[in-house]
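*Asks:* My structure is stored as protein_30.txt, with compact mmCIF, C-alpha atoms.
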# COMPACT_ATOMS: atom_id res chain seq x y z
CA MET P 1 84.80 42.84 0.29
CA ASP P 2 82.72 42.54 3.41
CA MET P 3 84.82 43.58 6.44
CA LYS P 4 83.45 43.51 9.93
CA VAL P 5 84.76 46.05 12.42
CA ASP P 6 84.92 44.96 16.07
CA ASP P 7 82.56 47.01 18.17
CA PRO P 8 83.10 46.70 21.95
CA PHE P 9 79.53 47.82 22.62
CA ALA P 10 77.87 45.52 20.08
CA ALA P 11 77.26 42.72 22.60
CA GLU P 12 75.64 45.10 25.08
CA ALA P 13 73.57 46.76 22.35
CA GLU P 14 72.36 43.41 21.02
CA ALA P 15 71.41 42.33 24.56
CA ASP P 16 69.42 45.55 24.97
CA LEU P 17 67.65 45.01 21.66
CA LEU P 18 66.68 41.48 22.65
CA VAL P 19 64.66 42.86 25.57
CA ALA P 20 62.48 45.03 23.35
CA PRO P 21 63.25 43.94 19.79
CA SER P 22 59.93 44.77 18.23
CA ILE P 23 59.81 48.33 19.52
CA ALA P 24 63.43 49.11 18.68
CA MET P 25 63.17 47.57 15.23
CA ARG P 26 59.87 49.28 14.51
CA LEU P 27 61.25 52.67 15.53
CA GLY P 28 64.47 52.10 13.64
CA LEU P 29 66.62 53.14 16.58
CA PRO P 30 70.38 52.65 16.44
CA LYS P 31 71.59 49.66 18.43
CA GLY P 32 72.71 51.66 21.48
CA LEU P 33 69.48 53.68 21.72
CA SER P 34 66.91 51.10 22.63
CA PRO P 35 63.83 52.12 24.64
CA HIS P 36 65.00 49.77 27.40
CA VAL P 37 68.24 51.72 27.89
CA ALA P 38 66.40 55.06 27.91
CA LYS P 39 63.84 53.79 30.43
CA GLU P 40 66.57 52.38 32.65
CA TRP P 41 68.44 55.71 32.60
CA LEU P 42 65.25 57.63 33.39
CA ASP P 43 64.43 55.28 36.28
CA ARG P 44 67.91 55.76 37.77
CA ARG P 45 67.47 59.54 37.56
CA ARG P 46 64.02 59.37 39.10
CA LYS P 47 65.28 57.30 42.05
CA SER P 48 68.09 59.73 42.82
CA ILE P 49 65.92 62.87 42.79
CA ARG P 50 65.99 64.92 45.98
CA PRO P 51 62.59 66.09 47.27
CA TRP P 52 61.39 69.09 45.31
CA ALA P 53 60.11 70.79 48.48
CA SER P 54 63.62 70.96 49.95
CA PHE P 55 65.03 71.80 46.51
CA VAL P 56 63.03 75.05 46.34
CA ASP P 57 62.88 75.85 50.07
CA GLN P 58 63.45 79.62 50.18
CA ARG P 59 64.87 79.51 53.72
CA LYS P 60 67.88 77.55 52.41
CA PHE P 61 69.04 80.29 50.04
CA SER P 62 71.54 82.98 50.96
CA LYS P 63 74.29 85.06 49.45
CA PRO P 64 77.70 83.36 49.62
CA ARG P 65 80.29 85.21 51.74
CA ASN P 66 83.10 84.95 49.18
CA PHE P 67 84.08 83.37 45.88
CA GLY P 68 85.46 80.26 47.56
CA GLU P 69 82.15 79.55 49.27
CA LEU P 70 80.31 80.17 45.99
CA CYS P 71 82.52 77.57 44.28
CA GLN P 72 82.05 75.06 47.12
CA ARG P 73 78.30 75.51 47.01
CA GLY P 74 78.26 75.15 43.24
CA VAL P 75 80.26 71.92 43.23
CA ARG P 76 78.40 70.33 46.17
CA ASN P 77 74.94 71.33 44.95
CA LEU P 78 75.68 70.08 41.43
CA ASP P 79 76.69 66.76 42.95
CA THR P 80 73.71 66.64 45.32
CA TYR P 81 70.96 67.79 42.95
CA HIS P 82 72.22 66.46 39.60
CA SER P 83 69.01 64.52 38.95
CA ASN P 84 66.82 67.51 39.77
CA TYR P 85 68.91 69.62 37.41
CA THR P 86 68.56 66.98 34.70
CA PHE P 87 64.77 67.14 34.92
CA ILE P 88 64.87 70.95 34.86
CA PHE P 89 66.96 70.77 31.67
CA MET P 90 64.56 68.27 30.08
CA GLY P 91 61.60 70.44 31.11
CA LEU P 92 63.14 73.49 29.45
CA ILE P 93 63.74 71.49 26.26
CA LEU P 94 60.15 70.25 26.30
CA TYR P 95 58.83 73.77 26.90
CA CYS P 96 60.90 75.11 24.01
CA ILE P 97 59.67 72.40 21.63
CA ILE P 98 56.01 72.64 22.62
CA SER P 99 55.95 76.44 22.51
CA SER P 100 57.30 76.54 18.95
CA PRO P 101 55.06 74.98 16.30
CA MET P 102 57.84 75.31 13.71
CA LEU P 103 60.16 73.20 15.88
CA LEU P 104 57.43 70.58 16.13
CA ILE P 105 57.15 70.56 12.34
CA ALA P 106 60.95 70.33 11.98
CA LEU P 107 61.06 67.37 14.39
CA ALA P 108 58.24 65.72 12.43
CA VAL P 109 60.18 66.21 9.17
CA PHE P 110 63.29 64.71 10.79
CA ALA P 111 61.35 61.72 12.15
CA GLY P 112 59.65 61.24 8.78
CA ALA P 113 62.96 61.37 6.90
CA LEU P 114 64.50 58.90 9.35
CA TYR P 115 61.51 56.58 8.97
CA ILE P 116 61.60 56.70 5.16
CA ILE P 117 65.35 56.07 5.11
CA HIS P 118 64.87 53.17 7.52
CA LEU P 119 62.13 51.66 5.32
CA LYS P 120 64.36 51.98 2.25
CA SER P 121 67.21 50.27 4.11
CA LEU P 122 64.92 47.35 4.97
CA GLU P 123 64.12 46.80 1.28
CA SER P 124 67.78 46.73 0.23
CA LYS P 125 71.11 47.98 1.48
CA LEU P 126 71.53 51.71 0.98
CA VAL P 127 74.74 52.44 -0.91
CA ILE P 128 76.01 55.96 -1.63
CA PHE P 129 79.32 56.52 -3.44
CA GLY P 130 80.07 52.81 -3.18
CA ARG P 131 79.70 52.65 0.60
CA GLU P 132 76.92 51.04 2.57
CA LEU P 133 75.12 53.40 4.95
CA THR P 134 75.27 52.39 8.61
CA SER P 135 72.59 53.46 11.08
CA GLY P 136 74.75 56.45 12.07
CA HIS P 137 75.05 57.48 8.44
CA GLN P 138 71.29 57.13 8.03
CA LEU P 139 70.77 59.40 11.04
CA GLY P 140 73.15 61.93 9.50
CA LEU P 141 71.35 61.75 6.16
CA ALA P 142 68.00 62.39 7.86
CA GLY P 143 69.60 65.35 9.62
CA CYS P 144 70.91 66.75 6.34
CA VAL P 145 67.49 66.37 4.70
CA SER P 146 65.70 68.11 7.58
CA PHE P 147 68.39 70.76 8.23
CA PRO P 148 66.67 73.48 6.13
CA VAL P 149 63.46 73.05 8.11
CA PHE P 150 65.35 73.23 11.41
CA TRP P 151 67.11 76.36 10.17
CA LEU P 152 63.80 77.99 9.20
CA ALA P 153 62.32 77.00 12.56
CA GLY P 154 65.14 78.76 14.41
CA ALA P 155 66.48 75.63 16.08
CA GLY P 156 69.85 77.30 16.71
CA THR P 157 68.16 80.06 18.65
CA ALA P 158 66.17 77.50 20.61
CA VAL P 159 69.32 75.56 21.50
CA PHE P 160 71.06 78.69 22.80
CA TRP P 161 67.92 79.75 24.69
CA VAL P 162 67.71 76.35 26.40
CA LEU P 163 71.42 76.42 27.27
CA GLY P 164 71.21 79.98 28.59
CA ALA P 165 68.08 79.34 30.62
CA THR P 166 69.57 76.14 32.01
CA LEU P 167 72.79 77.87 33.03
CA ALA P 168 70.86 80.72 34.63
CA VAL P 169 68.44 78.52 36.60
CA ILE P 170 70.84 75.77 37.61
CA GLY P 171 73.79 78.10 38.15
CA SER P 172 71.85 80.45 40.41
CA HIS P 173 70.35 77.56 42.38
CA ALA P 174 73.71 75.86 42.83
CA ALA P 175 75.43 79.11 43.85
CA PHE P 176 72.84 80.43 46.28
CA ARG P 177 71.51 77.20 47.87
CA GLU P 178 73.15 76.69 51.25
CA LEU P 179 74.96 73.42 51.81
CA GLU P 180 73.39 70.70 53.91
CA SER P 181 74.84 70.27 57.39
CA SER P 182 76.43 66.93 56.41
CA ASP P 183 78.22 68.65 53.52
CA ILE P 184 79.56 71.39 55.81
CA ASP P 185 80.93 68.82 58.29
CA GLU P 186 82.59 66.95 55.43
CA ILE P 187 84.21 70.14 54.11
CA LEU P 188 85.51 71.07 57.57
CA MET P 189 86.95 67.58 58.14
CA GLU P 190 88.87 67.41 54.84
CA PRO P 191 92.65 67.38 55.24
CA VAL P 192 94.47 70.40 53.90
Take the structure in this file and express it as structure tokens.

*Replies:*
Amino acid sequence: MDMKVDDPFAAEAEADLLVAPSIAMRLGLPKGLSPHVAKEWLDRRRKSIRPWASFVDQRKFSKPRNFGELCQRGVRNLDTYHSNYTFIFMGLILYCIISSPMLLIALAVFAGALYIIHLKSLESKLVIFGRELTSGHQLGLAGCVSFPVFWLAGAGTAVFWVLGATLAVIGSHAAFRELESSDIDEILMEPV
């Protein structure tokens, strides 16, 4: 009873794995998470980054006159500096992980569990309750195995800290950073 479900992304995922098959297979990554895809995404973000000097230029910050201007600034700055904000978010995650040895241990336990499950699946198909485990199921199983360590490490607190710090930093930058002159002209020229 071997049924194959059509996956619209399978062709793209297999093409990505062909570029770097040895790395993806060695790491046991799911088909859609190949190193090639991650590198391509990171390169696109890096190319669309605005200069950091203008990003933090103190002369460009002021208090918005009203709530409407605050909303306009927020939307335009999120659109303009989305790559910069992405790297700020990733930096906060990295800081949180590096500054907590218990989180590092929890991540190591998760990676080890995922690796062991992957090695077992290479030997023979993993079957639990009569169902074969897909790569997504294997990822979930590794998460369940390492959940107690993440809980002891305070991963929930770390997640909320990262989200709060990200909202505070990015929200305040987007709200108080003045719009570029090209953005102001575009806003004034929009039909009502």

*Asks:* With all atoms listed in the file as the atoms that count, which of P:Ile117, P:Met90, P:Leu122, P:Ala142 lies nearest to Arg45 in chain P?

*Replies:* P:Met90

*Asks:* May I have a table of the residues of range 44-107 of chain P lying at most 9 Å from range 155-172 of chain P, giving each one's closest pair of atoms and their distance in Å to one decimal, counting all atoms listed in the file, ordered by chain and ascending residue number, as a tab-separated table?

*Replies:*
residue	atom	partner	partner_atom	distance
P:Gly74	CA	P:Gly171	CA	7.4
P:Leu78	CA	P:Ile170	CA	8.4
P:Tyr85	CA	P:Ile170	CA	6.4
P:Ile88	CA	P:Thr166	CA	7.6
P:Phe89	CA	P:Thr166	CA	6.0
P:Leu92	CA	P:Val162	CA	6.2
P:Ile93	CA	P:Val162	CA	6.3
P:Cys96	CA	P:Ala158	CA	6.7
P:Ile97	CA	P:Ala158	CA	8.3
P:Met102	CA	P:Ala155	CA	9.0
P:Leu103	CA	P:Ala155	CA	6.8
P:Ala106	CA	P:Ala155	CA	8.7

*Asks:* Can you tell me how far CA of Lys60 in chain P sits from CA of Trp41 in chain P, in Å to one decimal?

*Replies:*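 So the two atoms, CA of Lys60 in chain P and CA of Trp41 in chain P, lie 29.5 Å apart.
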
*Asks:* In Å, how far is it from CA of Val127 in chain P to CA of Leu114 in chain P?

*Replies:*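 Going from CA of Val127 in chain P over to CA of Leu114 in chain P, I get 15.9 Å.
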
*Asks:* For His137 in chain P, list every protein, DNA or RNA residue within 12 Å, evaluated using only C-alpha atoms, and leave out those in the same chain fewer than 6 positions away; present the list as a ChimeraX atom specification.

*Replies:* /P:30,114,117-118,121,126-128,131,143-144

*Asks:* Looking at all atoms listed in the file, which of P:Val56, P:Ile98, P:Val145, P:Leu119 is the one that sits closest to Ala174 in chain P?

*Replies:*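 Residue with the minimum atom-to-atom distance to Ala174 in chain P: P:Val56.
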
*Asks:* Taking into account all atoms listed in the file, which residue in the set P:Leu133, P:Ala175, P:Ala111, P:Ile105 is nearest to Phe150 in chain P?

*Replies:*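 Among the listed residues, P:Ile105 lies closest to Phe150 in chain P.
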
*Asks:* What does the distance from CA of Arg76 in chain P to CA of Arg59 in chain P come to in Å, to one decimal?

*Replies:*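 According to the coordinates, CA of Arg76 in chain P and CA of Arg59 in chain P are separated by 18.0 Å.
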
*Asks:* With all heavy atoms as the target, complete range 54-65 of chain P and hand it back as a tab-separated table (two decimals), keeping the file's coordinate frame.

*Replies:*
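And here's selection.tsv as it stands now:
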chain	number	residue	atom	x	y	z
P	54	SER	N	62.35	70.48	49.39
P	54	SER	CA	63.62	70.96	49.95
P	54	SER	C	64.47	71.62	48.87
P	54	SER	O	65.28	72.50	49.15
P	54	SER	CB	64.40	69.83	50.61
P	54	SER	OG	64.87	68.92	49.65
P	55	PHE	N	64.29	71.22	47.63
P	55	PHE	CA	65.03	71.80	46.51
P	55	PHE	C	64.71	73.28	46.35
P	55	PHE	O	65.59	74.08	46.05
P	55	PHE	CB	64.70	71.03	45.23
P	55	PHE	CG	65.41	71.50	44.00
P	55	PHE	CD1	66.73	71.17	43.78
P	55	PHE	CD2	64.74	72.27	43.06
P	55	PHE	CE1	67.39	71.61	42.63
P	55	PHE	CE2	65.39	72.69	41.91
P	55	PHE	CZ	66.71	72.37	41.70
P	56	VAL	N	63.45	73.66	46.54
P	56	VAL	CA	63.03	75.05	46.34
P	56	VAL	C	62.73	75.79	47.65
P	56	VAL	O	62.15	76.87	47.62
P	56	VAL	CB	61.79	75.13	45.41
P	56	VAL	CG1	62.13	74.64	44.02
P	56	VAL	CG2	60.62	74.36	45.97
P	57	ASP	N	63.13	75.23	48.77
P	57	ASP	CA	62.88	75.85	50.07
P	57	ASP	C	63.62	77.18	50.15
P	57	ASP	O	64.85	77.23	50.14
P	57	ASP	CB	63.34	74.92	51.20
P	57	ASP	CG	62.97	75.44	52.57
P	57	ASP	OD1	62.23	76.43	52.66
P	57	ASP	OD2	63.43	74.83	53.56
P	58	GLN	N	62.87	78.28	50.23
P	58	GLN	CA	63.45	79.62	50.18
P	58	GLN	C	64.33	79.93	51.40
P	58	GLN	O	65.22	80.76	51.33
P	58	GLN	CB	62.35	80.68	50.07
P	58	GLN	CG	61.64	80.63	48.75
P	58	GLN	CD	60.53	81.66	48.68
P	58	GLN	OE1	60.21	82.31	49.67
P	58	GLN	NE2	59.93	81.79	47.51
P	59	ARG	N	64.08	79.26	52.51
P	59	ARG	CA	64.87	79.51	53.72
P	59	ARG	C	66.30	78.99	53.57
P	59	ARG	O	67.17	79.37	54.34
P	59	ARG	CB	64.22	78.84	54.93
P	59	ARG	CG	62.85	79.46	55.27
P	59	ARG	CD	62.17	78.67	56.31
P	59	ARG	NE	61.80	77.38	55.68
P	59	ARG	CZ	61.18	76.40	56.28
P	59	ARG	NH1	60.88	76.51	57.55
P	59	ARG	NH2	60.87	75.30	55.64
P	60	LYS	N	66.55	78.15	52.61
P	60	LYS	CA	67.88	77.55	52.41
P	60	LYS	C	68.75	78.33	51.44
P	60	LYS	O	69.82	77.89	51.09
P	60	LYS	CB	67.73	76.11	51.88
P	60	LYS	CG	66.98	75.18	52.78
P	60	LYS	CD	67.86	74.71	53.90
P	60	LYS	CE	67.10	73.68	54.70
P	60	LYS	NZ	67.96	72.98	55.61
P	61	PHE	N	68.28	79.49	51.00
P	61	PHE	CA	69.04	80.29	50.04
P	61	PHE	C	69.64	81.50	50.74
P	61	PHE	O	68.98	82.15	51.54
P	61	PHE	CB	68.15	80.76	48.89
P	61	PHE	CG	67.78	79.65	47.94
P	61	PHE	CD1	66.67	78.86	48.16
P	61	PHE	CD2	68.57	79.40	46.83
P	61	PHE	CE1	66.34	77.84	47.31
P	61	PHE	CE2	68.24	78.38	45.96
P	61	PHE	CZ	67.12	77.60	46.20
P	62	SER	N	70.89	81.79	50.44
P	62	SER	CA	71.54	82.98	50.96
P	62	SER	C	72.70	83.36	50.05
P	62	SER	O	73.14	82.56	49.22
P	62	SER	CB	72.07	82.73	52.38
P	62	SER	OG	73.13	81.79	52.35
P	63	LYS	N	73.17	84.57	50.25
P	63	LYS	CA	74.29	85.06	49.45
P	63	LYS	C	75.58	84.45	50.00
P	63	LYS	O	75.82	84.49	51.21
P	63	LYS	CB	74.33	86.58	49.54
P	63	LYS	CG	75.44	87.22	48.79
P	63	LYS	CD	75.40	88.72	48.99
P	63	LYS	CE	76.69	89.33	48.48
P	63	LYS	NZ	76.79	90.73	48.87
P	64	PRO	N	76.42	83.89	49.13
P	64	PRO	CA	77.70	83.36	49.62
P	64	PRO	C	78.61	84.49	50.12
P	64	PRO	O	78.56	85.60	49.61
P	64	PRO	CB	78.31	82.67	48.41
P	64	PRO	CG	77.42	82.92	47.27
P	64	PRO	CD	76.23	83.67	47.72
P	65	ARG	N	79.42	84.19	51.15
P	65	ARG	CA	80.29	85.21	51.74
P	65	ARG	C	81.43	85.61	50.82
P	65	ARG	O	81.84	86.77	50.80
P	65	ARG	CB	80.86	84.70	53.07
P	65	ARG	CG	79.82	84.58	54.17
P	65	ARG	CD	80.50	84.21	55.46
P	65	ARG	NE	81.20	82.93	55.33
P	65	ARG	CZ	80.79	81.78	55.84
P	65	ARG	NH1	79.68	81.75	56.56
P	65	ARG	NH2	81.47	80.69	55.68
